[in-house]
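Engineer: Next comes the structure file target07.cif, holding mmCIF, C-alpha atoms.
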```cif
data_target
#
loop_
_atom_site.label_atom_id
_atom_site.label_comp_id
_atom_site.auth_asym_id
_atom_site.auth_seq_id
_atom_site.Cartn_x
_atom_site.Cartn_y
_atom_site.Cartn_z
CA MET A 1 -17.06 -17.24 11.37
CA ASP A 2 -13.34 -17.89 11.62
CA GLU A 3 -11.68 -15.71 14.22
CA LEU A 4 -8.43 -13.91 13.54
CA ASN A 5 -6.18 -12.01 15.90
CA ILE A 6 -4.88 -9.10 13.83
CA THR A 7 -2.17 -6.54 14.51
CA ILE A 8 -2.14 -3.28 12.56
CA LEU A 9 1.40 -1.93 12.32
CA GLY A 10 1.02 1.62 11.07
CA ALA A 11 -2.44 2.84 12.08
CA GLY A 12 -2.67 5.66 9.58
CA ALA A 13 -5.74 6.08 7.42
CA ILE A 14 -5.42 2.76 5.58
CA GLY A 15 -4.41 0.61 8.53
CA ALA A 16 -7.01 2.16 10.83
CA TYR A 17 -9.77 1.84 8.23
CA PHE A 18 -9.37 -1.88 7.67
CA GLY A 19 -8.62 -2.54 11.34
CA VAL A 20 -11.83 -0.88 12.47
CA ARG A 21 -13.87 -2.70 9.81
CA TRP A 22 -12.57 -6.03 11.17
CA GLU A 23 -13.31 -4.98 14.74
CA GLN A 24 -16.79 -3.96 13.62
CA ILE A 25 -17.57 -7.66 13.05
CA GLY A 26 -15.93 -8.87 16.24
CA HIS A 27 -12.31 -9.68 15.48
CA GLN A 28 -9.54 -8.89 17.94
CA VAL A 29 -7.35 -6.11 16.57
CA GLN A 30 -4.45 -4.33 18.23
CA TYR A 31 -2.80 -1.18 16.89
CA LEU A 32 0.99 -1.12 17.24
CA VAL A 33 1.89 2.56 17.01
CA ARG A 34 4.33 5.23 18.13
CA SER A 35 3.64 7.37 21.19
CA ARG A 36 2.12 10.35 19.35
CA ARG A 37 -0.43 8.22 17.49
CA SER A 38 -1.03 6.19 20.65
CA GLU A 39 -1.98 9.33 22.58
CA GLN A 40 -4.31 10.38 19.77
CA LEU A 41 -6.06 7.00 19.63
CA ARG A 42 -6.44 6.76 23.40
CA LYS A 43 -7.86 10.29 23.62
CA HIS A 44 -10.21 10.32 20.64
CA GLY A 45 -10.73 6.67 19.64
CA VAL A 46 -11.21 6.13 15.92
CA HIS A 47 -14.17 7.32 13.90
CA LEU A 48 -14.64 6.35 10.28
CA HIS A 49 -16.25 9.15 8.27
CA SER A 50 -16.98 6.97 5.27
CA VAL A 51 -19.13 7.00 2.17
CA GLN A 52 -19.46 3.27 2.87
CA GLY A 53 -20.93 3.89 6.33
CA ASP A 54 -19.66 5.58 9.49
CA TYR A 55 -18.47 3.66 12.52
CA THR A 56 -16.88 4.66 15.83
CA LEU A 57 -14.42 2.62 17.86
CA GLU A 58 -14.32 4.30 21.26
CA GLN A 59 -11.46 2.36 22.86
CA PRO A 60 -9.06 0.77 20.38
CA PHE A 61 -6.52 -1.67 21.81
CA VAL A 62 -3.38 0.43 21.48
CA VAL A 63 0.13 -0.99 21.96
CA GLU A 64 3.40 0.95 21.89
CA ASP A 65 5.81 -1.89 22.73
CA VAL A 66 5.81 -5.01 20.59
CA SER A 67 6.77 -7.10 23.63
CA ASP A 68 3.26 -6.45 24.98
CA ILE A 69 1.78 -8.52 22.14
CA GLU A 70 1.86 -12.17 23.16
CA PHE A 71 0.27 -13.64 20.06
CA THR A 72 -1.15 -12.58 16.72
CA ASP A 73 -2.17 -14.45 13.56
CA LEU A 74 -1.70 -11.70 11.03
CA VAL A 75 0.17 -8.40 10.85
CA ILE A 76 -1.17 -5.77 8.46
CA LEU A 77 1.83 -3.62 7.59
CA ALA A 78 0.49 -0.22 6.53
CA VAL A 79 3.43 2.15 6.88
CA LYS A 80 4.93 4.49 4.31
CA GLY A 81 7.83 3.08 2.33
CA TYR A 82 10.35 5.31 4.10
CA HIS A 83 9.35 3.72 7.43
CA LEU A 84 9.85 0.13 6.28
CA GLN A 85 13.34 -0.43 7.66
CA GLY A 86 12.32 0.91 11.05
CA ALA A 87 9.46 -1.59 11.24
CA ILE A 88 11.54 -4.71 10.54
CA PRO A 89 12.68 -5.40 14.15
CA GLU A 90 9.06 -5.38 15.33
CA LEU A 91 8.01 -7.57 12.43
CA LYS A 92 10.73 -10.09 13.28
CA ASP A 93 9.45 -10.24 16.85
CA LEU A 94 5.87 -10.83 15.71
CA VAL A 95 6.90 -13.48 13.18
CA GLN A 96 8.71 -15.33 15.96
CA LYS A 97 5.40 -15.32 17.81
CA GLY A 98 3.69 -17.05 14.90
CA ALA A 99 2.42 -14.20 12.75
CA LYS A 100 2.35 -13.87 8.98
CA VAL A 101 2.84 -10.39 7.51
CA LEU A 102 0.57 -8.85 4.89
CA PRO A 103 2.07 -5.57 3.63
CA LEU A 104 -0.18 -2.92 2.07
CA LEU A 105 2.62 -0.67 0.82
CA ASN A 106 2.78 0.68 -2.69
CA GLY A 107 5.62 -0.58 -4.85
CA ILE A 108 7.28 -4.01 -5.07
CA GLU A 109 10.81 -3.85 -3.66
CA HIS A 110 9.47 -4.16 -0.11
CA ILE A 111 8.18 -7.68 -0.88
CA TYR A 112 11.70 -8.90 -1.68
CA THR A 113 13.12 -7.01 1.32
CA LEU A 114 10.60 -8.54 3.72
CA GLN A 115 11.09 -12.03 2.30
CA ASP A 116 14.84 -11.69 2.84
CA GLU A 117 14.40 -10.37 6.39
CA LEU A 118 11.48 -12.51 7.60
CA GLY A 119 11.58 -15.62 5.40
CA GLU A 120 9.54 -16.25 2.25
CA GLU A 121 6.99 -18.32 4.14
CA ASN A 122 6.09 -15.37 6.39
CA VAL A 123 5.22 -12.71 3.78
CA ILE A 124 1.81 -12.72 2.10
CA GLY A 125 1.21 -10.61 -1.00
CA GLY A 126 -1.16 -7.71 -0.50
CA LEU A 127 -2.32 -4.37 -1.85
CA SER A 128 -5.19 -1.97 -1.31
CA TYR A 129 -7.27 0.45 -3.33
CA ILE A 130 -8.68 3.15 -1.06
CA ILE A 131 -8.71 6.94 -0.85
CA ALA A 132 -8.58 7.97 2.79
CA THR A 133 -6.80 10.43 5.05
CA LEU A 134 -6.69 11.39 8.74
CA ASP A 135 -8.27 14.55 10.14
CA GLU A 136 -6.80 16.66 12.95
CA LYS A 137 -8.08 14.25 15.62
CA GLY A 138 -6.74 11.18 13.84
CA HIS A 139 -10.13 10.03 12.58
CA VAL A 140 -10.35 8.42 9.15
CA VAL A 141 -11.96 10.39 6.32
CA HIS A 142 -12.81 7.91 3.57
CA SER A 143 -14.01 9.79 0.50
CA SER A 144 -14.51 7.31 -2.35
CA GLN A 145 -16.39 4.10 -3.06
CA LEU A 146 -13.09 2.20 -3.14
CA HIS A 147 -12.24 0.26 0.01
CA ASP A 148 -10.64 -2.78 -1.54
CA ILE A 149 -8.00 -5.14 -0.21
CA HIS A 150 -6.40 -7.82 -2.38
CA PHE A 151 -4.19 -10.55 -1.00
CA GLY A 152 -2.79 -13.92 -1.97
CA PRO A 153 -0.23 -16.55 -1.07
CA LEU A 154 3.43 -16.16 -2.04
CA HIS A 155 4.32 -19.49 -0.39
CA PHE A 156 2.46 -22.82 -0.40
CA SER A 157 2.15 -22.72 3.40
CA GLN A 158 -0.04 -19.60 3.30
CA HIS A 159 -3.12 -20.98 1.56
CA GLU A 160 -5.00 -21.86 4.74
CA LEU A 161 -4.52 -18.43 6.30
CA CYS A 162 -5.47 -16.69 3.04
CA ASN A 163 -8.65 -18.77 2.87
CA GLN A 164 -9.41 -17.86 6.47
CA LEU A 165 -8.86 -14.16 5.77
CA GLU A 166 -11.13 -14.40 2.72
CA HIS A 167 -13.92 -15.80 4.90
CA VAL A 168 -13.35 -13.07 7.49
CA CYS A 169 -13.44 -10.28 4.92
CA ALA A 170 -16.65 -11.61 3.37
CA ASP A 171 -18.49 -10.50 6.53
CA ALA A 172 -16.75 -7.14 6.83
CA ASN A 173 -17.69 -3.79 5.30
CA MET A 174 -14.96 -3.83 2.66
CA ARG A 175 -14.33 -5.36 -0.74
CA ALA A 176 -11.80 -8.16 -0.52
CA LYS A 177 -10.35 -10.49 -3.10
CA GLN A 178 -7.99 -13.42 -2.78
CA SER A 179 -5.76 -13.72 -5.84
CA GLN A 180 -3.67 -16.68 -6.91
CA HIS A 181 -1.59 -14.27 -9.04
CA ILE A 182 -0.90 -11.64 -6.42
CA MET A 183 2.65 -10.84 -7.60
CA GLU A 184 1.34 -10.03 -11.06
CA ASP A 185 -1.36 -7.87 -9.45
CA LEU A 186 1.26 -6.06 -7.37
CA TRP A 187 3.38 -5.34 -10.43
CA LYS A 188 0.36 -4.04 -12.38
CA LYS A 189 -0.42 -1.57 -9.62
CA TYR A 190 3.27 -0.68 -9.33
CA MET A 191 3.40 -0.03 -13.08
CA PHE A 192 0.55 2.44 -12.88
CA ILE A 193 1.49 4.22 -9.67
CA THR A 194 5.10 4.72 -10.77
CA ALA A 195 3.89 6.61 -13.83
CA PHE A 196 1.00 8.38 -12.11
CA SER A 197 2.92 9.53 -9.02
CA GLY A 198 6.09 10.26 -10.96
CA VAL A 199 4.73 12.54 -13.67
CA THR A 200 2.22 14.40 -11.50
CA THR A 201 4.80 15.05 -8.78
CA ALA A 202 7.76 15.91 -11.00
CA GLY A 203 5.72 18.37 -13.05
CA ASN A 204 3.23 19.58 -10.44
CA PHE A 205 0.55 18.42 -12.87
CA THR A 206 -3.01 17.22 -12.61
CA VAL A 207 -4.17 14.44 -14.89
CA GLY A 208 -5.97 16.90 -17.15
CA THR A 209 -2.79 18.87 -17.81
CA ILE A 210 -0.88 15.70 -18.68
CA ARG A 211 -3.54 14.53 -21.13
CA GLU A 212 -3.76 17.92 -22.82
CA GLU A 213 -0.04 18.03 -23.69
CA GLN A 214 0.77 15.20 -26.09
CA VAL A 215 4.51 15.05 -25.40
CA THR A 216 3.87 14.85 -21.64
CA TYR A 217 1.24 12.16 -22.11
CA GLU A 218 3.66 10.16 -24.28
CA ALA A 219 6.29 10.39 -21.54
CA THR A 220 3.73 8.97 -19.09
CA LYS A 221 3.04 6.07 -21.45
CA ASN A 222 6.78 5.45 -21.79
CA VAL A 223 7.05 5.04 -18.02
CA LEU A 224 4.39 2.32 -18.24
CA LYS A 225 6.43 0.63 -20.98
CA GLU A 226 9.60 0.76 -18.89
CA MET A 227 7.77 -0.83 -15.96
CA LYS A 228 6.58 -3.66 -18.21
CA ILE A 229 10.19 -4.29 -19.26
CA LEU A 230 11.26 -4.31 -15.61
CA ALA A 231 8.49 -6.73 -14.61
CA ASN A 232 9.41 -9.07 -17.46
CA ALA A 233 13.03 -9.05 -16.25
CA PHE A 234 11.73 -10.50 -12.96
CA ASP A 235 9.68 -13.16 -14.78
CA ILE A 236 6.37 -11.37 -14.23
CA PRO A 237 4.30 -11.86 -17.41
CA LEU A 238 3.02 -8.33 -17.97
CA ARG A 239 2.07 -7.78 -21.61
CA GLU A 240 1.05 -4.99 -23.95
CA GLU A 241 -2.47 -5.41 -22.58
CA SER A 242 -1.17 -4.36 -19.16
CA ILE A 243 0.12 -1.10 -20.63
CA GLN A 244 -3.21 -0.47 -22.34
CA ALA A 245 -5.04 -1.15 -19.08
CA GLY A 246 -2.85 1.47 -17.38
CA ILE A 247 -3.63 3.98 -20.11
CA LEU A 248 -7.37 3.28 -19.83
CA LYS A 249 -7.19 3.80 -16.08
CA PHE A 250 -5.41 7.11 -16.65
CA GLU A 251 -8.12 8.08 -19.15
CA SER A 252 -10.84 7.30 -16.60
CA LEU A 253 -9.54 9.78 -14.01
CA PRO A 254 -11.12 13.26 -13.75
CA ASP A 255 -9.10 16.22 -14.99
CA GLU A 256 -8.45 17.52 -11.46
CA ALA A 257 -7.14 14.17 -10.17
CA THR A 258 -3.58 13.86 -8.97
CA SER A 259 -1.47 11.40 -7.01
CA SER A 260 -1.07 11.16 -3.25
CA MET A 261 2.66 11.79 -3.71
CA HIS A 262 1.90 15.05 -5.50
CA GLN A 263 -0.49 15.99 -2.69
CA ASP A 264 2.24 15.25 -0.14
CA LYS A 265 4.66 17.44 -2.10
CA ARG A 266 2.13 20.29 -2.05
CA LYS A 267 1.84 19.92 1.73
CA GLY A 268 5.61 19.80 2.24
CA LEU A 269 5.51 16.23 3.55
CA PRO A 270 8.09 13.45 3.01
CA LEU A 271 7.75 11.61 -0.29
CA GLU A 272 7.98 7.90 -1.19
CA VAL A 273 10.13 8.62 -4.25
CA ASP A 274 12.97 6.36 -3.08
CA HIS A 275 10.53 3.55 -2.33
CA LEU A 276 8.71 3.80 -5.69
CA GLN A 277 10.86 5.26 -8.47
CA GLY A 278 14.09 4.57 -6.57
CA GLY A 279 13.03 0.98 -5.96
CA ALA A 280 12.43 0.49 -9.69
CA LEU A 281 15.90 1.81 -10.47
CA ARG A 282 17.56 -0.52 -7.94
CA LEU A 283 15.71 -3.52 -9.36
CA ALA A 284 16.66 -2.43 -12.87
CA GLN A 285 20.31 -2.28 -11.85
CA LYS A 286 20.09 -5.86 -10.56
CA ALA A 287 18.53 -6.93 -13.86
CA GLY A 288 21.10 -5.05 -15.95
CA ILE A 289 18.60 -2.79 -17.72
CA SER A 290 18.14 0.97 -17.93
CA LEU A 291 14.95 2.99 -17.27
CA PRO A 292 15.69 6.49 -18.60
CA TYR A 293 12.22 7.99 -18.13
CA ILE A 294 11.93 6.70 -14.56
CA HIS A 295 15.48 7.86 -13.83
CA MET A 296 14.57 11.36 -14.97
CA LEU A 297 11.44 11.42 -12.79
CA TYR A 298 13.46 10.21 -9.81
CA SER A 299 16.08 12.92 -10.30
CA LEU A 300 13.42 15.64 -10.49
CA ILE A 301 11.50 14.51 -7.40
CA LYS A 302 14.43 13.47 -5.18
CA PRO A 303 15.24 17.01 -3.91
CA TYR A 304 11.75 17.18 -2.35
CA GLU A 305 11.99 13.76 -0.69
CA ARG A 306 12.33 14.98 2.91
CA GLY A 307 9.55 17.54 2.63
#
```
How would this structure read if it were set down as structure tokens?
Structural biologist:
Amino acid sequence: MDELNITILGAGAIGAYFGVRWEQIGHQVQYLVRSRRSEQLRKHGVHLHSVQGDYTLEQPFVVEDVSDIEFTDLVILAVKGYHLQGAIPELKDLVQKGAKVLPLLNGIEHIYTLQDELGEENVIGGLSYIIATLDEKGHVVHSSQLHDIHFGPLHFSQHELCNQLEHVCADANMRAKQSQHIMEDLWKKYMFITAFSGVTTAGNFTVGTIREEQVTYEATKNVLKEMKILANAFDIPLREESIQAGILKFESLPDEATSSMHQDKRKGLPLEVDHLQGGALRLAQKAGISLPYIHMLYSLIKPYERG
């Protein structure tokens, strides 16, 4: 088995879940976190309460200062979009030490930002499909069958590391896939989540409510169409089939389902509206196109951004 030294930057539910699964099969993982999360991890460790199998890591390797990390092969960036800028200095330090960065953020603008800041050769494409949260002790509660991570090279120099990661993940308790079209995959997820998070959060709606009201459902479909136009403007070949796939995914969700952004709004937490809908609008401005439905969603959600 190939060995990887992995740093998790942002040990929330997603970062901690995948980090622990890699440690479960013997890989060296360190968790670069702020002091509050560091105290929590040192006191309680990390327990995965998972439908895919529980596991407890009693003493995670916790780091608060990036200078304490001498070497790492791969950085899993699993922060919220509104924490991206704050993470860049630490990422630059780790890249200088030889690391490649695999971000698991929603959206797409962060890829271009990281490539500009770190160099194209240092940013791997990545996304995840998982429903997980942290309990009061900081343990991971993983409540669905999904625990998928997709990744792929965005630069010719990354193929070897991606192959190595694929081999590593094959032995881990997760579903992993290496994609040679990872940017297209990222845009497809971005298309769906922009519509899903936007309409549910702006209207305080569940999926069932959206589907029951035809005019609201049509607005949701129009967001998917705008995202296809935006992707095409950046030479990403999304087609009508991509829109239909988004609609089918929406149809497959239970009536009570809603987005994580809507859940955060209900809890009074900060929202990723500037990272998701705002990011789409900034990219549209660069491309010289307008996204009226997404602009309306952004304007309705923006007042709740800070929680």
Engineer: So the first atom is CA of His147 in chain A and the second is CA of Gly19 in chain A; what is the distance between them in Å, to one decimal place?
Structural biologist: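 Distance reported for this atom pair: 12.2 Å.
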Engineer: Written as a tab-separated table (two decimals) with C-alpha atoms, keeping the file's coordinate frame, which residues does the PyMOL selection byres ((chain A and resi 81-98) around 9) give for the file shown?
Structural biologist:
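So the final result, stored in expr_7.tsv, reads:
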```tsv
chain	number	residue	atom	x	y	z
A	9	LEU	CA	1.40	-1.93	12.32
A	65	ASP	CA	5.81	-1.89	22.73
A	66	VAL	CA	5.81	-5.01	20.59
A	67	SER	CA	6.77	-7.10	23.63
A	69	ILE	CA	1.78	-8.52	22.14
A	70	GLU	CA	1.86	-12.17	23.16
A	71	PHE	CA	0.27	-13.64	20.06
A	72	THR	CA	-1.15	-12.58	16.72
A	73	ASP	CA	-2.17	-14.45	13.56
A	74	LEU	CA	-1.70	-11.70	11.03
A	75	VAL	CA	0.17	-8.40	10.85
A	77	LEU	CA	1.83	-3.62	7.59
A	79	VAL	CA	3.43	2.15	6.88
A	80	LYS	CA	4.93	4.49	4.31
A	99	ALA	CA	2.42	-14.20	12.75
A	100	LYS	CA	2.35	-13.87	8.98
A	101	VAL	CA	2.84	-10.39	7.51
A	105	LEU	CA	2.62	-0.67	0.82
A	106	ASN	CA	2.78	0.68	-2.69
A	107	GLY	CA	5.62	-0.58	-4.85
A	110	HIS	CA	9.47	-4.16	-0.11
A	114	LEU	CA	10.60	-8.54	3.72
A	117	GLU	CA	14.40	-10.37	6.39
A	118	LEU	CA	11.48	-12.51	7.60
A	122	ASN	CA	6.09	-15.37	6.39
A	270	PRO	CA	8.09	13.45	3.01
A	271	LEU	CA	7.75	11.61	-0.29
A	272	GLU	CA	7.98	7.90	-1.19
A	273	VAL	CA	10.13	8.62	-4.25
A	274	ASP	CA	12.97	6.36	-3.08
A	275	HIS	CA	10.53	3.55	-2.33
A	276	LEU	CA	8.71	3.80	-5.69
```
Engineer: The PyMOL selection byres ((chain A and resi 133) around 10) - which residues does that actually catch in the file I just gave you? List them as a list in words.
Structural biologist: Gly12, Ala13, Ile14, Tyr17, Ile130, Ile131, Ala132, Leu134, Asp135, Gly138, His139, Val140, Val141, His142 and Ser143 of chain A
Engineer: Give me the result of the PyMOL selection byres ((chain A and resi 149) around 12) on this file, residue by residue, as a VMD selection string.
Structural biologist: chain A and resid 14 to 15 17 to 19 21 76 78 102 to 105 125 to 130 146 to 148 150 to 152 165 to 166 169 to 170 172 to 179 182 185 to 186
Engineer: For the contact check between range 198-219 of chain A and range 290-294 of chain A, emit one row per residue of range 198-219 of chain A within 10 Å, containing the shortest atom pair and the distance in Å rounded to one decimal, counting only C-alpha atoms, chain then rising number order, as JSON lines.
Structural biologist:
```
{"residue": "A:Gly198", "atom": "CA", "partner": "A:Ile294", "partner_atom": "CA", "distance": 7.7}
{"residue": "A:Val199", "atom": "CA", "partner": "A:Ile294", "partner_atom": "CA", "distance": 9.3}
{"residue": "A:Ala219", "atom": "CA", "partner": "A:Tyr293", "partner_atom": "CA", "distance": 7.2}
```
Engineer: For CA of Thr7 in chain A and CA of Pro60 in chain A, determine how far apart the two atoms are, in Å to one decimal place.
Structural biologist: 11.6 Å
Engineer: Please, what distance in Å, to one decimal, runs between CA of Gly246 in chain A and CA of Tyr304 in chain A?
Structural biologist: 26.2 Å
Engineer: Under the rule that only C-alpha atoms are counted, which of A:Thr220, A:Gln40, A:Gln24, A:Asn232 is the nearest residue to Thr56 in chain A?
Structural biologist: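 With only C-alpha atoms as the atom set, the closest residue is A:Gln24.
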Engineer: Just save range 281-306 of chain A with N, CA and C atoms, as a PDB file, in the first residue's frame.
Structural biologist:
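Below is the file that was written, decode15.pdb:
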```pdb
ATOM      1  N   LEU A 281     -22.070  35.061  -9.699  1.00  0.00           N
ATOM      2  CA  LEU A 281     -22.279  36.405 -10.230  1.00  0.00           C
ATOM      3  C   LEU A 281     -20.958  37.074 -10.606  1.00  0.00           C
ATOM      4  N   ARG A 282     -19.914  36.857  -9.811  1.00  0.00           N
ATOM      5  CA  ARG A 282     -18.604  37.435 -10.147  1.00  0.00           C
ATOM      6  C   ARG A 282     -18.037  36.807 -11.417  1.00  0.00           C
ATOM      7  N   LEU A 283     -18.195  35.507 -11.555  1.00  0.00           N
ATOM      8  CA  LEU A 283     -17.721  34.843 -12.775  1.00  0.00           C
ATOM      9  C   LEU A 283     -18.540  35.301 -13.989  1.00  0.00           C
ATOM     10  N   ALA A 284     -19.835  35.507 -13.784  1.00  0.00           N
ATOM     11  CA  ALA A 284     -20.680  35.991 -14.875  1.00  0.00           C
ATOM     12  C   ALA A 284     -20.260  37.385 -15.318  1.00  0.00           C
ATOM     13  N   GLN A 285     -19.893  38.221 -14.363  1.00  0.00           N
ATOM     14  CA  GLN A 285     -19.437  39.569 -14.703  1.00  0.00           C
ATOM     15  C   GLN A 285     -18.172  39.509 -15.552  1.00  0.00           C
ATOM     16  N   LYS A 286     -17.258  38.606 -15.202  1.00  0.00           N
ATOM     17  CA  LYS A 286     -16.032  38.442 -15.993  1.00  0.00           C
ATOM     18  C   LYS A 286     -16.351  37.986 -17.411  1.00  0.00           C
ATOM     19  N   ALA A 287     -17.374  37.139 -17.534  1.00  0.00           N
ATOM     20  CA  ALA A 287     -17.736  36.597 -18.845  1.00  0.00           C
ATOM     21  C   ALA A 287     -18.657  37.517 -19.626  1.00  0.00           C
ATOM     22  N   GLY A 288     -19.142  38.589 -18.990  1.00  0.00           N
ATOM     23  CA  GLY A 288     -20.021  39.529 -19.681  1.00  0.00           C
ATOM     24  C   GLY A 288     -21.423  39.012 -19.900  1.00  0.00           C
ATOM     25  N   ILE A 289     -21.922  38.192 -18.962  1.00  0.00           N
ATOM     26  CA  ILE A 289     -23.289  37.682 -19.083  1.00  0.00           C
ATOM     27  C   ILE A 289     -24.063  38.019 -17.818  1.00  0.00           C
ATOM     28  N   SER A 290     -25.394  37.917 -17.900  1.00  0.00           N
ATOM     29  CA  SER A 290     -26.237  38.210 -16.742  1.00  0.00           C
ATOM     30  C   SER A 290     -26.943  36.932 -16.283  1.00  0.00           C
ATOM     31  N   LEU A 291     -27.166  36.837 -14.959  1.00  0.00           N
ATOM     32  CA  LEU A 291     -27.837  35.676 -14.359  1.00  0.00           C
ATOM     33  C   LEU A 291     -28.961  36.201 -13.467  1.00  0.00           C
ATOM     34  N   PRO A 292     -30.087  36.593 -14.051  1.00  0.00           N
ATOM     35  CA  PRO A 292     -31.120  37.279 -13.253  1.00  0.00           C
ATOM     36  C   PRO A 292     -31.721  36.441 -12.136  1.00  0.00           C
ATOM     37  N   TYR A 293     -31.946  35.157 -12.362  1.00  0.00           N
ATOM     38  CA  TYR A 293     -32.523  34.330 -11.300  1.00  0.00           C
ATOM     39  C   TYR A 293     -31.547  34.178 -10.140  1.00  0.00           C
ATOM     40  N   ILE A 294     -30.271  33.940 -10.451  1.00  0.00           N
ATOM     41  CA  ILE A 294     -29.266  33.776  -9.401  1.00  0.00           C
ATOM     42  C   ILE A 294     -29.049  35.101  -8.668  1.00  0.00           C
ATOM     43  N   HIS A 295     -29.108  36.204  -9.412  1.00  0.00           N
ATOM     44  CA  HIS A 295     -28.970  37.516  -8.780  1.00  0.00           C
ATOM     45  C   HIS A 295     -30.096  37.768  -7.785  1.00  0.00           C
ATOM     46  N   MET A 296     -31.298  37.357  -8.134  1.00  0.00           N
ATOM     47  CA  MET A 296     -32.422  37.530  -7.220  1.00  0.00           C
ATOM     48  C   MET A 296     -32.243  36.676  -5.965  1.00  0.00           C
ATOM     49  N   LEU A 297     -31.826  35.415  -6.128  1.00  0.00           N
ATOM     50  CA  LEU A 297     -31.584  34.561  -4.968  1.00  0.00           C
ATOM     51  C   LEU A 297     -30.522  35.169  -4.061  1.00  0.00           C
ATOM     52  N   TYR A 298     -29.450  35.637  -4.670  1.00  0.00           N
ATOM     53  CA  TYR A 298     -28.351  36.245  -3.908  1.00  0.00           C
ATOM     54  C   TYR A 298     -28.852  37.435  -3.089  1.00  0.00           C
ATOM     55  N   SER A 299     -29.671  38.283  -3.716  1.00  0.00           N
ATOM     56  CA  SER A 299     -30.152  39.482  -3.024  1.00  0.00           C
ATOM     57  C   SER A 299     -31.092  39.134  -1.879  1.00  0.00           C
ATOM     58  N   LEU A 300     -31.807  38.014  -1.979  1.00  0.00           N
ATOM     59  CA  LEU A 300     -32.741  37.615  -0.927  1.00  0.00           C
ATOM     60  C   LEU A 300     -32.036  36.932   0.252  1.00  0.00           C
ATOM     61  N   ILE A 301     -30.925  36.259  -0.033  1.00  0.00           N
ATOM     62  CA  ILE A 301     -30.213  35.524   1.016  1.00  0.00           C
ATOM     63  C   ILE A 301     -29.145  36.391   1.692  1.00  0.00           C
ATOM     64  N   LYS A 302     -28.589  37.325   0.969  1.00  0.00           N
ATOM     65  CA  LYS A 302     -27.445  38.117   1.450  1.00  0.00           C
ATOM     66  C   LYS A 302     -27.653  38.731   2.845  1.00  0.00           C
ATOM     67  N   PRO A 303     -28.840  39.258   3.177  1.00  0.00           N
ATOM     68  CA  PRO A 303     -29.010  39.852   4.514  1.00  0.00           C
ATOM     69  C   PRO A 303     -28.793  38.860   5.672  1.00  0.00           C
ATOM     70  N   TYR A 304     -28.888  37.563   5.389  1.00  0.00           N
ATOM     71  CA  TYR A 304     -28.723  36.550   6.435  1.00  0.00           C
ATOM     72  C   TYR A 304     -27.306  35.966   6.474  1.00  0.00           C
ATOM     73  N   GLU A 305     -26.434  36.522   5.657  1.00  0.00           N
ATOM     74  CA  GLU A 305     -25.106  35.916   5.441  1.00  0.00           C
ATOM     75  C   GLU A 305     -24.332  35.721   6.739  1.00  0.00           C
ATOM     76  N   ARG A 306     -24.354  36.688   7.622  1.00  0.00           N
ATOM     77  CA  ARG A 306     -23.521  36.626   8.840  1.00  0.00           C
ATOM     78  C   ARG A 306     -24.208  35.897   9.990  1.00  0.00           C
TER      79      ARG A 306
END
```
